[in-house]
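Next up, run_4.txt (compact mmCIF, C-alpha atoms):
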# COMPACT_ATOMS: atom_id res chain seq x y z
CA MET A 155 -36.17 13.73 36.86
CA THR A 156 -33.99 10.74 37.74
CA THR A 157 -31.24 10.88 40.32
CA ARG A 158 -28.68 10.11 37.61
CA TYR A 159 -29.90 13.04 35.49
CA MET A 160 -29.70 15.42 38.46
CA GLU A 161 -26.18 14.25 39.28
CA ARG A 162 -25.07 14.82 35.67
CA LEU A 163 -26.71 18.25 35.65
CA ALA A 164 -24.97 19.20 38.88
CA LYS A 165 -21.61 17.99 37.54
CA ILE A 166 -21.87 19.96 34.29
CA GLU A 167 -23.08 23.08 36.11
CA GLU A 168 -20.16 22.85 38.54
CA VAL A 169 -17.57 22.62 35.76
CA LEU A 170 -19.32 25.13 33.52
CA LEU A 171 -20.42 27.82 35.94
CA ILE A 172 -18.93 27.33 39.39
CA ALA A 173 -15.50 25.68 39.42
CA ASN A 174 -12.17 27.19 38.39
CA LYS A 175 -12.01 30.41 36.38
CA LYS A 176 -10.71 28.37 33.45
CA ILE A 177 -12.96 25.52 32.41
CA ASP A 178 -11.40 22.07 32.61
CA MET A 179 -12.37 20.57 29.26
CA ASN A 180 -11.52 17.00 30.27
CA ASP A 181 -13.99 17.12 33.16
CA PHE A 182 -16.48 19.01 31.01
CA ARG A 183 -16.37 16.50 28.15
CA ALA A 184 -16.74 13.61 30.57
CA GLY A 185 -19.86 15.20 32.00
CA CYS A 186 -21.36 15.83 28.57
CA SER A 187 -20.57 12.46 26.97
CA TYR A 188 -23.89 10.88 27.97
CA GLY A 189 -26.01 13.89 27.11
CA VAL A 190 -26.26 17.57 28.02
CA PRO A 191 -29.26 19.03 29.87
CA GLU A 192 -31.32 21.17 27.52
CA SER A 193 -30.89 24.33 29.57
CA LEU A 194 -27.09 24.11 29.39
CA ARG A 195 -26.71 22.77 25.85
CA PRO A 196 -26.42 26.13 23.98
CA LEU A 197 -23.51 27.19 26.17
CA ALA A 198 -22.00 23.69 26.22
CA TRP A 199 -21.96 23.40 22.43
CA ARG A 200 -20.25 26.79 22.09
CA LEU A 201 -17.46 25.39 24.23
CA LEU A 202 -17.36 21.90 22.76
CA LEU A 203 -17.10 23.37 19.25
CA HIS A 204 -14.10 25.47 20.34
CA TYR A 205 -15.89 28.77 19.82
CA LEU A 206 -15.80 30.29 23.31
CA PRO A 207 -12.52 30.73 25.16
CA LEU A 208 -12.10 28.58 28.26
CA GLU A 209 -11.62 31.62 30.52
CA ARG A 210 -15.05 32.91 31.57
CA HIS A 211 -13.90 36.50 32.05
CA LYS A 212 -13.10 36.70 28.32
CA TRP A 213 -16.55 35.72 27.11
CA GLN A 214 -18.20 39.14 27.08
CA SER A 215 -15.56 40.96 25.05
CA PHE A 216 -14.95 37.96 22.78
CA LEU A 217 -18.62 37.56 21.91
CA ALA A 218 -19.04 41.29 21.31
CA ASP A 219 -16.14 41.27 18.83
CA GLN A 220 -17.29 38.13 17.01
CA ARG A 221 -20.87 39.30 16.68
CA ASN A 222 -19.69 42.66 15.39
CA ASN A 223 -17.48 40.86 12.86
CA TYR A 224 -20.48 38.88 11.66
CA ASP A 225 -22.52 42.07 11.22
CA GLN A 226 -19.71 43.44 9.05
CA MET A 227 -19.75 40.26 6.94
CA ILE A 228 -23.47 40.72 6.31
CA GLU A 229 -22.85 44.33 5.35
CA GLN A 230 -20.05 43.50 2.94
CA ILE A 231 -21.37 40.25 1.46
CA ILE A 232 -25.13 40.83 1.39
CA VAL A 233 -26.20 44.44 2.02
CA GLU A 234 -23.71 46.28 -0.21
CA PRO A 235 -24.14 43.90 -3.19
CA GLY A 236 -27.89 44.19 -2.64
CA ASN A 237 -27.71 47.97 -2.86
CA ILE A 238 -25.53 47.77 -5.97
CA ALA A 239 -27.95 45.37 -7.65
CA MET A 240 -30.85 47.72 -6.91
CA GLU A 241 -28.91 50.69 -8.26
CA GLN A 242 -27.99 48.80 -11.42
CA SER A 243 -31.55 47.64 -11.94
CA ASN A 244 -32.76 51.23 -11.63
CA SER A 245 -30.19 52.72 -14.00
CA GLN A 246 -28.73 52.19 -17.41
CA THR A 247 -25.83 49.76 -17.22
CA SER A 248 -22.64 50.52 -19.08
CA ASP A 249 -21.73 48.88 -22.34
CA SER A 250 -18.77 47.16 -20.66
CA ASP A 251 -20.73 45.64 -17.77
CA HIS A 252 -24.22 44.35 -18.34
CA PRO A 253 -26.16 41.11 -17.70
CA LEU A 254 -24.96 39.62 -21.00
CA SER A 255 -21.29 40.41 -20.45
CA ASP A 256 -18.95 37.45 -20.15
CA HIS A 257 -16.02 39.59 -18.96
CA PRO A 258 -14.33 37.91 -15.95
CA THR A 259 -14.38 41.15 -13.89
CA SER A 260 -18.03 41.86 -14.59
CA ASP A 261 -20.18 42.48 -11.50
CA TRP A 262 -22.95 40.66 -13.30
CA GLN A 263 -20.76 37.61 -13.71
CA ALA A 264 -20.28 37.61 -9.94
CA PHE A 265 -24.04 37.92 -9.58
CA PHE A 266 -24.55 34.87 -11.78
CA GLN A 267 -21.99 32.82 -9.84
CA ASP A 268 -23.67 33.74 -6.56
CA ASN A 269 -26.99 32.76 -8.07
CA LYS A 270 -25.71 29.25 -8.78
CA VAL A 271 -24.78 28.77 -5.13
CA LEU A 272 -27.90 30.48 -3.84
CA SER A 273 -30.16 28.38 -6.03
CA GLN A 274 -28.98 25.16 -4.36
CA ILE A 275 -28.90 26.61 -0.85
CA ASP A 276 -32.40 28.02 -1.27
CA LYS A 277 -33.82 24.68 -2.33
CA ASP A 278 -32.17 22.86 0.56
CA VAL A 279 -33.03 25.21 3.43
CA ARG A 280 -36.70 25.46 2.49
CA ARG A 281 -37.15 21.76 3.24
CA LEU A 282 -35.18 21.53 6.47
CA TYR A 283 -36.76 19.08 8.91
CA PRO A 284 -40.28 19.20 7.45
CA GLU A 285 -41.57 17.06 10.33
CA ILE A 286 -41.25 20.08 12.67
CA GLN A 287 -42.50 23.62 12.10
CA PHE A 288 -39.57 25.49 13.57
CA PHE A 289 -37.72 26.45 10.39
CA GLN A 290 -40.97 27.66 8.79
CA LEU A 291 -41.71 30.00 11.70
CA LEU A 292 -40.78 33.66 12.00
CA SER A 293 -37.70 34.44 14.04
CA LYS A 294 -38.06 36.57 17.16
CA PHE A 295 -34.68 38.08 16.33
CA PRO A 296 -34.45 38.90 12.60
CA HIS A 297 -31.17 40.50 11.61
CA PRO A 298 -31.84 44.25 11.30
CA HIS A 299 -29.78 44.61 8.11
CA GLY A 300 -29.81 41.15 6.59
CA MET A 301 -33.60 40.87 6.58
CA LYS A 302 -33.82 43.83 4.19
CA TYR A 303 -32.13 41.74 1.50
CA PRO A 304 -33.51 38.19 1.73
CA LEU A 305 -31.24 36.00 -0.34
CA SER A 306 -34.19 33.95 -1.58
CA ARG A 307 -35.33 36.99 -3.59
CA ARG A 308 -32.01 37.10 -5.40
CA VAL A 309 -32.56 33.63 -6.84
CA ILE A 310 -33.89 34.10 -10.36
CA ASN A 311 -36.47 31.36 -10.91
CA HIS A 312 -34.07 28.84 -9.31
CA GLN A 313 -32.18 28.70 -12.61
CA GLU A 314 -28.45 28.96 -13.16
CA LEU A 315 -28.40 31.93 -15.47
CA THR A 316 -25.27 32.67 -17.44
CA SER A 317 -24.52 35.02 -20.25
CA GLN A 318 -24.01 32.00 -22.49
CA GLU A 319 -27.65 30.96 -21.99
CA PHE A 320 -28.64 34.12 -23.83
CA GLY A 321 -26.47 33.10 -26.76
CA ALA A 322 -24.12 36.06 -26.55
CA ASN A 323 -21.18 36.05 -28.95
CA ARG A 324 -17.68 37.23 -28.13
CA ASP A 325 -18.78 40.85 -28.45
CA GLY A 326 -21.81 40.39 -26.22
CA ILE A 327 -24.26 40.60 -29.15
CA VAL A 328 -27.33 38.37 -29.24
CA GLY A 329 -29.56 37.30 -32.08
CA GLU A 330 -30.39 40.24 -34.33
CA GLY A 331 -27.74 42.48 -32.90
CA GLU A 332 -27.89 45.39 -30.51
CA LYS A 333 -31.69 45.52 -30.57
CA MET A 334 -32.03 41.99 -29.24
CA GLN A 335 -29.27 42.63 -26.72
CA LEU A 336 -31.06 45.66 -25.34
CA ILE A 337 -34.33 43.74 -25.12
CA MET A 338 -32.71 40.90 -23.16
CA LYS A 339 -30.91 43.36 -20.88
CA SER A 340 -34.16 45.14 -20.18
CA LEU A 341 -36.05 41.94 -19.43
CA PHE A 342 -33.36 40.61 -17.13
CA LEU A 343 -32.96 43.88 -15.24
CA GLN A 344 -36.69 44.06 -14.74
CA CYS A 345 -36.65 40.52 -13.33
CA VAL A 346 -33.86 41.42 -10.90
CA LYS A 347 -35.56 44.65 -9.92
CA THR A 348 -38.86 42.88 -9.26
CA ASN A 349 -37.24 40.20 -7.13
CA LEU A 350 -35.21 42.63 -5.04
CA ALA A 351 -37.84 45.32 -4.62
CA LYS A 352 -40.95 43.26 -3.99
CA GLY A 353 -42.36 42.99 -0.53
CA SER A 354 -43.03 39.81 1.34
CA HIS A 355 -42.63 36.79 -0.90
CA ASP A 356 -44.82 34.81 1.45
CA GLU A 357 -48.30 35.80 2.49
CA ASN A 358 -47.56 34.63 6.05
CA GLN A 359 -44.49 36.84 6.42
CA ALA A 360 -44.97 40.13 8.26
CA PRO A 361 -43.00 43.26 7.32
CA ASN A 362 -39.50 43.52 8.79
CA SER A 363 -39.39 39.83 9.59
CA GLU A 364 -37.78 36.65 8.35
CA PHE A 365 -38.23 32.95 8.75
CA HIS A 366 -35.67 30.78 10.50
CA TRP A 367 -34.78 29.15 7.18
CA HIS A 368 -33.89 32.62 5.84
CA ILE A 369 -31.30 32.90 8.59
CA VAL A 370 -29.84 29.47 7.88
CA GLU A 371 -29.68 30.41 4.19
CA ARG A 372 -27.71 33.54 5.03
CA ILE A 373 -25.25 31.62 7.24
CA LEU A 374 -24.56 29.09 4.48
CA PHE A 375 -24.18 31.75 1.79
CA ILE A 376 -21.69 33.75 3.84
CA TYR A 377 -19.74 30.57 4.54
CA ALA A 378 -19.67 29.74 0.82
CA LYS A 379 -18.44 33.23 -0.06
CA LEU A 380 -15.68 33.14 2.55
CA ASN A 381 -14.57 29.61 1.62
CA PRO A 382 -14.34 29.54 -2.19
CA GLY A 383 -12.32 26.32 -2.10
CA VAL A 384 -15.23 24.51 -0.52
CA GLN A 385 -18.22 26.76 -1.32
CA TYR A 386 -21.56 25.12 -0.60
CA VAL A 387 -22.19 21.42 -1.04
CA GLN A 388 -25.58 19.81 -0.55
CA GLY A 389 -25.69 18.36 2.95
CA MET A 390 -24.06 21.29 4.72
CA ASN A 391 -27.57 22.50 5.49
CA GLU A 392 -28.04 19.33 7.56
CA LEU A 393 -24.97 20.19 9.65
CA VAL A 394 -25.81 23.80 10.40
CA ALA A 395 -29.51 23.27 11.18
CA PRO A 396 -29.16 21.44 14.54
CA ILE A 397 -26.66 24.04 15.81
CA TYR A 398 -28.92 26.93 14.88
CA TYR A 399 -31.96 25.15 16.34
CA VAL A 400 -30.20 24.68 19.71
CA PHE A 401 -28.96 28.28 19.88
CA ALA A 402 -32.20 29.89 18.69
CA ASN A 403 -34.21 27.96 21.31
CA ASP A 404 -32.02 29.09 24.19
CA THR A 405 -34.24 30.03 27.13
CA ASP A 406 -31.88 32.94 27.81
CA GLU A 407 -33.00 35.48 25.21
CA GLU A 408 -29.80 37.51 25.58
CA TRP A 409 -28.01 34.53 24.02
CA ALA A 410 -30.83 33.54 21.67
CA ALA A 411 -30.78 37.01 20.12
CA TYR A 412 -27.33 36.25 18.71
CA ALA A 413 -28.04 32.71 17.59
CA GLU A 414 -27.25 33.56 13.97
CA ALA A 415 -23.77 34.97 14.54
CA ASP A 416 -22.77 32.30 17.04
CA THR A 417 -24.13 29.55 14.77
CA PHE A 418 -22.02 30.84 11.89
CA PHE A 419 -18.78 30.67 13.87
CA CYS A 420 -19.60 27.29 15.42
CA PHE A 421 -20.53 25.93 11.99
CA GLN A 422 -17.25 27.26 10.65
CA GLN A 423 -15.40 25.45 13.44
CA LEU A 424 -17.30 22.24 12.71
CA MET A 425 -16.61 22.49 8.98
CA SER A 426 -12.89 22.96 9.64
CA GLU A 427 -12.96 19.41 11.02
CA VAL A 428 -15.23 17.69 8.48
CA LYS A 429 -14.85 19.76 5.30
CA ASP A 430 -12.63 17.10 3.66
CA ASN A 431 -15.81 15.02 3.31
CA PHE A 432 -17.23 17.72 1.04
CA ILE A 433 -14.22 18.25 -1.23
CA LYS A 434 -14.58 15.86 -4.13
CA THR A 435 -10.92 16.02 -5.12
CA LEU A 436 -10.02 14.56 -1.70
CA ASP A 437 -12.47 11.63 -1.88
CA ASP A 438 -9.75 9.08 -2.62
CA SER A 439 -7.12 10.60 -0.33
CA ILE A 440 -6.24 9.37 3.15
CA CYS A 441 -8.38 12.14 4.66
CA GLY A 442 -11.30 11.77 2.24
CA ILE A 443 -14.68 10.11 2.66
CA GLU A 444 -13.64 6.96 0.73
CA SER A 445 -10.91 6.32 3.28
CA SER A 446 -13.38 6.84 6.14
CA MET A 447 -15.85 4.37 4.62
CA SER A 448 -13.09 1.80 4.08
CA ALA A 449 -11.95 2.11 7.70
CA PHE A 450 -15.53 1.74 8.87
CA HIS A 451 -16.04 -1.44 6.86
CA ASN A 452 -12.81 -2.85 8.27
CA MET A 453 -14.20 -2.11 11.73
CA ILE A 454 -17.34 -4.13 10.92
CA SER A 455 -15.17 -6.99 9.66
CA THR A 456 -13.13 -7.03 12.86
CA PHE A 457 -16.03 -6.83 15.30
CA ASP A 458 -18.62 -8.90 13.43
CA PRO A 459 -17.07 -10.89 10.56
CA GLU A 460 -20.29 -12.74 9.82
CA LEU A 461 -22.35 -9.58 9.38
CA HIS A 462 -19.62 -8.06 7.25
CA LYS A 463 -19.46 -11.16 5.03
CA HIS A 464 -23.23 -11.26 4.62
CA LEU A 465 -23.48 -7.61 3.61
CA THR A 466 -20.38 -7.32 1.42
CA SER A 467 -19.89 -10.80 -0.07
CA THR A 468 -23.35 -12.36 -0.12
CA LEU A 469 -25.45 -9.27 -0.82
CA GLU A 470 -22.70 -7.06 -2.30
CA ILE A 471 -23.93 -3.96 -0.48
CA LYS A 472 -21.35 -1.21 -0.90
CA PRO A 473 -20.65 1.34 1.85
CA GLN A 474 -21.57 4.13 -0.58
CA PHE A 475 -25.19 2.95 -0.33
CA TYR A 476 -25.49 4.11 3.28
CA ALA A 477 -22.17 4.84 5.06
CA PHE A 478 -21.39 7.84 2.85
CA ARG A 479 -24.36 9.73 4.27
CA TRP A 480 -23.88 8.42 7.80
CA LEU A 481 -20.25 9.53 8.06
CA SER A 482 -20.27 12.74 6.04
CA LEU A 483 -23.42 14.19 7.66
CA LEU A 484 -22.75 12.92 11.21
CA LEU A 485 -25.96 10.85 11.10
CA SER A 486 -28.04 14.03 10.94
CA GLN A 487 -30.44 12.52 8.40
CA GLU A 488 -30.95 9.18 10.14
CA PHE A 489 -32.89 10.31 13.21
CA PRO A 490 -35.45 12.94 14.25
CA LEU A 491 -33.89 16.27 15.22
CA PRO A 492 -34.16 15.78 19.02
CA ASP A 493 -32.32 12.46 18.69
CA VAL A 494 -29.69 14.02 16.43
CA ILE A 495 -29.05 16.64 19.11
CA THR A 496 -28.64 13.95 21.79
CA LEU A 497 -26.28 12.05 19.52
CA TRP A 498 -24.24 15.18 18.81
CA ASP A 499 -23.79 15.75 22.55
CA ALA A 500 -21.74 12.57 22.54
CA LEU A 501 -19.91 13.31 19.27
CA PHE A 502 -18.96 16.86 20.27
CA SER A 503 -17.77 15.79 23.72
CA ASP A 504 -15.57 13.00 22.34
CA PRO A 505 -11.96 13.94 23.30
CA GLN A 506 -10.76 12.64 19.91
CA ARG A 507 -13.60 14.51 18.27
CA PHE A 508 -15.37 12.31 15.74
CA ALA A 509 -13.46 9.11 16.49
CA LEU A 510 -16.66 7.91 18.20
CA LEU A 511 -18.73 8.32 15.02
CA PRO A 512 -17.81 5.01 13.28
CA TYR A 513 -18.43 3.16 16.55
CA VAL A 514 -21.91 4.69 16.68
CA CYS A 515 -22.48 3.52 13.09
CA LEU A 516 -21.25 0.03 14.03
CA SER A 517 -23.52 0.05 17.07
CA MET A 518 -26.49 0.86 14.84
CA MET A 519 -25.72 -2.10 12.61
CA VAL A 520 -25.09 -4.63 15.38
CA LEU A 521 -28.30 -3.63 17.16
CA GLN A 522 -30.14 -4.50 13.94
CA ARG A 523 -27.97 -7.56 13.33
CA GLU A 524 -30.67 -10.23 13.32
CA SER A 525 -32.75 -8.30 10.77
CA LEU A 526 -29.71 -7.66 8.56
CA ILE A 527 -28.40 -11.25 8.73
CA SER A 528 -31.76 -12.68 7.70
CA GLY A 529 -32.56 -9.98 5.13
CA ASP A 530 -32.08 -9.92 1.38
CA PHE A 531 -30.54 -7.09 -0.65
CA PRO A 532 -33.63 -4.82 -0.95
CA PHE A 533 -34.56 -5.28 2.70
CA CYS A 534 -31.06 -4.53 4.03
CA VAL A 535 -30.52 -1.49 1.83
CA ARG A 536 -33.91 -0.14 2.84
CA LEU A 537 -33.14 -0.67 6.54
CA LEU A 538 -29.73 0.97 6.31
CA GLN A 539 -31.04 3.94 4.32
CA ASN A 540 -34.11 4.34 6.53
CA TYR A 541 -32.93 3.33 9.97
CA PRO A 542 -35.81 2.30 12.25
CA ASP A 543 -36.87 4.36 15.26
CA SER A 544 -34.46 3.56 18.06
CA ASP A 545 -33.25 4.64 21.47
CA VAL A 546 -30.31 6.88 20.58
CA ALA A 547 -28.98 6.82 24.14
CA LYS A 548 -28.78 3.03 23.93
CA ILE A 549 -26.96 3.24 20.58
CA VAL A 550 -24.41 5.70 21.99
CA ALA A 551 -23.86 3.67 25.18
CA TYR A 552 -23.28 0.50 23.16
CA ALA A 553 -20.91 2.38 20.82
CA GLN A 554 -18.86 3.53 23.81
CA ASP A 555 -18.74 -0.05 25.11
CA ILE A 556 -17.50 -1.31 21.72
CA ARG A 557 -14.85 1.40 21.62
CA ASP A 558 -13.72 0.67 25.17
CA GLY A 559 -13.59 -3.10 24.56
CA LYS A 560 -16.43 -3.83 26.99
CA ALA A 561 -18.91 -5.18 24.43
CA PRO A 562 -18.65 -8.90 23.57
CA ARG A 563 -18.56 -9.78 19.90
CA PRO A 564 -21.83 -11.15 18.49
CA ALA A 565 -22.17 -14.93 18.33
CA SER A 566 -21.92 -16.29 14.82
CA LYS A 567 -25.00 -17.58 13.06
CA GLU A 568 -23.46 -21.06 12.81
CA VAL A 569 -23.31 -21.34 16.60
CA SER A 570 -26.92 -20.29 16.80
CA LYS A 571 -27.83 -22.98 14.25
CA GLY A 572 -25.97 -25.59 16.28
CA SER A 573 -27.85 -24.60 19.40
CA LYS A 574 -31.15 -24.94 17.56
CA ILE A 575 -30.20 -28.42 16.23
CA ALA A 576 -29.23 -29.58 19.69
CA LYS A 577 -32.49 -28.26 21.06
CA HIS A 578 -34.51 -30.05 18.37
CA ALA A 579 -32.53 -33.27 19.02
CA ARG A 580 -33.40 -33.11 22.71
CA GLN A 581 -37.05 -32.48 21.89
CA LEU A 582 -37.08 -35.47 19.48
CA SER A 583 -35.41 -37.68 22.08
CA ASP A 584 -37.99 -36.70 24.68
CA THR A 585 -40.81 -37.39 22.20
CA LEU A 586 -39.47 -40.86 21.40
CA ARG A 587 -39.04 -41.62 25.07
CA ASN A 588 -42.63 -40.61 25.73
CA LEU A 589 -43.86 -42.80 22.88
CA SER A 590 -41.92 -45.72 24.29
CA ILE A 591 -43.56 -45.22 27.67
CA ILE A 592 -47.03 -45.08 26.08
CA LYS A 593 -46.49 -48.37 24.18
CA LYS A 594 -45.49 -50.12 27.39
Could you show the structure in this file as C-alpha cells?
Amino acid sequence: MTTRYMERLAKIEEVLLIANKKIDMNDFRAGCSYGVPESLRPLAWRLLLHYLPLERHKWQSFLADQRNNYDQMIEQIIVEPGNIAMEQSNSQTSDSDHPLSDHPTSDWQAFFQDNKVLSQIDKDVRRLYPEIQFFQLLSKFPHPHGMKYPLSRRVINHQELTSQEFGANRDGIVGEGEKMQLIMKSLFLQCVKTNLAKGSHDENQAPNSEFHWHIVERILFIYAKLNPGVQYVQGMNELVAPIYYVFANDTDEEWAAYAEADTFFCFQQLMSEVKDNFIKTLDDSICGIESSMSAFHNMISTFDPELHKHLTSTLEIKPQFYAFRWLSLLLSQEFPLPDVITLWDALFSDPQRFALLPYVCLSMMVLQRESLISGDFPFCVRLLQNYPDSDVAKIVAYAQDIRDGKAPRPASKEVSKGSKIAKHARQLSDTLRNLSIIKK
C-alpha cells in the first residue's frame, strides 16, 4: 500500500471512529473525495447518503428501529398479500372479486397492477452486471420471511395480464357466458397457485435460500409500492445494485446481515435526490433531465468550444444519445462495477452532492478529445455510448481540477494545425538548405 493511501485511511478512520462523538461531515467528505478504503466503505456510504445519524451513540438504536421497520414493510407488502393470493388460489373466489373483475377495489386488480411493475423489475434484476457472478450467487443472509414469497414467482409469464385481455364485458362475462368465465377463472387461479406454491424455480437454488438478485428485486418492489408517484422506472436497478453490493460484501458480518434493509433506506435517500430524472412529466422542467443535459452541453461549450461545435454543429450529436444515461444513472452503466464504486465515492462525498457529476462527464469527453475531434458521427456515438476502459481515478481528479479552475482549456485544433504547418515549413527549409550545400 502506498504512503498516500495509508494517510487517507488514517484520516478517514480518525474522523469516522476516533475523533469527536459527532462526526464532522466536512472533514469526512474531504477524506472520502479521492476514494474510500474498501474496509470502511460500507459505513462511509451509510453516512454519506444521510442514513446514519452523525452521533455514534445513536447508531445502535437507530439501526434496530429502521431494520424492524423494514421487516414490517416486507410483512405488509409481500408476505400478507402472498398469503392472501395462496388462500384465494385454494378457494372459490366470490362473484364480486375474481381474476376477471375490472372493479377498481378488486384485490385481483391490485395483483395485476403489481404484476406490471414486477414484470419489468424481474427482467432488469436478472441481468444485473452479468460480467460478475455476485448477483447470481446465493445470499448468506436470506430474509427469513421474504424468501418464502419470492417475487419472481408472482410474475405470470412476464406478461401484463389485465381483465381486459380476457375480453370481459362490463358484467365480467367472457365469450360464451358464465361457462367460459369459470373456465378462465380456473385456469388463471391454477397458474397463480402453481407459481406461488412451487419449490425452487432454479435447479441451483437450495431450500430456504435466495439469490442476491431476489433481494434487489424485493427492495425495488417495496420502493415502487411506497412511492406510487414514481413507482419503478427502468434504470433504478442500476442505482440500487452498487449500494447493495457494497453492503452485502462488508467484512463485518454483523453489518452484512442487514445489507438488504440498509440498502433500501440508502436507496430511498439517493432517490429523493435524483428521482426527478425518472419522472417523465418533469423532463422539460427546470429540475428535469432535459434541463440537466442542456446545462451540461453549455458546460462543454464554455470549456471546450471546438469540441462542442464539432459534436453539435458538425456531427449533430444530441445529448440524448449519451448524456441522458450518463446523468440520470450516475454513470453506473459506463464502467465496470468496481470503477463505478470508486466514482461514487467521489460523487457521494461531494459537499454539493451531484454538482461534481457533470464535471466528471466533461472530464470523460476531454480525455477522449482527440478521438472525438477526428471522428465521424458513427465513431463518436459509439465511443460515447461505449466509453473505453479508463482510469476512473484520473477522470475524477481531472474533473475536480476543471471544477476548481485548475485545468487549462484544451488548445484549439486550428492552433495545432498552425504548429504542424510551421514544423513542416522548417523541415522544408532545412531540406532545401541541405540540397544547396550538396550542389556546391
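In this comparison, which uses all atoms listed in the file, the residue of A:Arg557, A:Lys548, A:Lys212, A:Lys302 approaching Leu510 in chain A most closely is A:Arg557.
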All residues 9 Å or closer to Gly389 in chain A, all atoms listed in the file, same chain fewer than 5 positions away omitted, as a PDB file with C-alpha atoms, in the coordinates of the input:
ATOM      1  CA  ASP A 278     -32.170  22.860   0.560  1.00  0.00           C
ATOM      2  CA  PHE A 432     -17.230  17.720   1.040  1.00  0.00           C
ATOM      3  CA  ARG A 479     -24.360   9.730   4.270  1.00  0.00           C
ATOM      4  CA  SER A 482     -20.270  12.740   6.040  1.00  0.00           C
ATOM      5  CA  LEU A 483     -23.420  14.190   7.660  1.00  0.00           C
TER       6      LEU A 483
END
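The residue that comes closest to Leu393 in chain A, out of A:Leu481, A:Met301, A:Met453, A:Val520 and on the basis of all atoms listed in the file, is A:Leu481.
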Long-range neighbours of Leu511 in chain A as an NGL selection string, 9 Å cut-off, only C-alpha atoms, 6 positions minimum in chain | :A and (480-481 or 484-485 or 501 or 553)
Closest of A:Glu427, A:Asp404, A:Glu161, A:Asp493 to Phe508 in chain A, counting all atoms listed in the file, is A:Glu427
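The space separating CA of Ala509 in chain A from CA of Ile443 in chain A comes to 13.9 Å.
Using all atoms listed in the file for every distance, the candidate list A:Met518, A:Ile556, A:Ala198, A:Val428 yields A:Met518 as the residue closest to Asn540 in chain A.
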Nearest to Ser293 in chain A, restricted to all atoms listed in the file and choosing among A:Trp498, A:Leu194, A:Ala402, A:His204, comes out as A:Ala402
Model the absent atoms of range 262-277 of chain A so that N, CA and C atoms are present, and write the result as a compact mmCIF listing (two decimals), in the frame of the given file.
# COMPACT_ATOMS: atom_id res chain seq x y z
N TRP A 262 -21.84 41.55 -12.99
CA TRP A 262 -22.95 40.66 -13.30
C TRP A 262 -22.50 39.20 -13.35
N GLN A 263 -21.27 38.97 -13.75
CA GLN A 263 -20.76 37.61 -13.71
C GLN A 263 -20.70 37.10 -12.27
N ALA A 264 -20.29 37.98 -11.36
CA ALA A 264 -20.28 37.61 -9.94
C ALA A 264 -21.70 37.33 -9.45
N PHE A 265 -22.64 38.13 -9.95
CA PHE A 265 -24.04 37.92 -9.58
C PHE A 265 -24.51 36.54 -10.03
N PHE A 266 -24.15 36.17 -11.25
CA PHE A 266 -24.55 34.87 -11.78
C PHE A 266 -23.94 33.73 -10.97
N GLN A 267 -22.66 33.87 -10.61
CA GLN A 267 -21.99 32.82 -9.84
C GLN A 267 -22.64 32.67 -8.46
N ASP A 268 -22.97 33.80 -7.84
CA ASP A 268 -23.67 33.74 -6.56
C ASP A 268 -25.02 33.05 -6.72
N ASN A 269 -25.67 33.32 -7.85
CA ASN A 269 -26.99 32.76 -8.07
C ASN A 269 -26.94 31.23 -8.16
N LYS A 270 -25.85 30.70 -8.71
CA LYS A 270 -25.71 29.25 -8.78
C LYS A 270 -25.68 28.65 -7.37
N VAL A 271 -24.88 29.27 -6.50
CA VAL A 271 -24.78 28.77 -5.13
C VAL A 271 -26.10 28.96 -4.39
N LEU A 272 -26.66 30.16 -4.53
CA LEU A 272 -27.90 30.48 -3.84
C LEU A 272 -29.05 29.57 -4.25
N SER A 273 -29.09 29.23 -5.53
CA SER A 273 -30.16 28.38 -6.03
C SER A 273 -30.20 27.06 -5.28
N GLN A 274 -29.02 26.44 -5.06
CA GLN A 274 -28.98 25.16 -4.36
C GLN A 274 -29.26 25.34 -2.88
N ILE A 275 -28.66 26.37 -2.27
CA ILE A 275 -28.90 26.61 -0.85
C ILE A 275 -30.39 26.85 -0.59
N ASP A 276 -30.99 27.66 -1.45
CA ASP A 276 -32.40 28.02 -1.27
C ASP A 276 -33.30 26.79 -1.31
N LYS A 277 -33.02 25.90 -2.23
CA LYS A 277 -33.82 24.68 -2.33
C LYS A 277 -33.68 23.83 -1.07
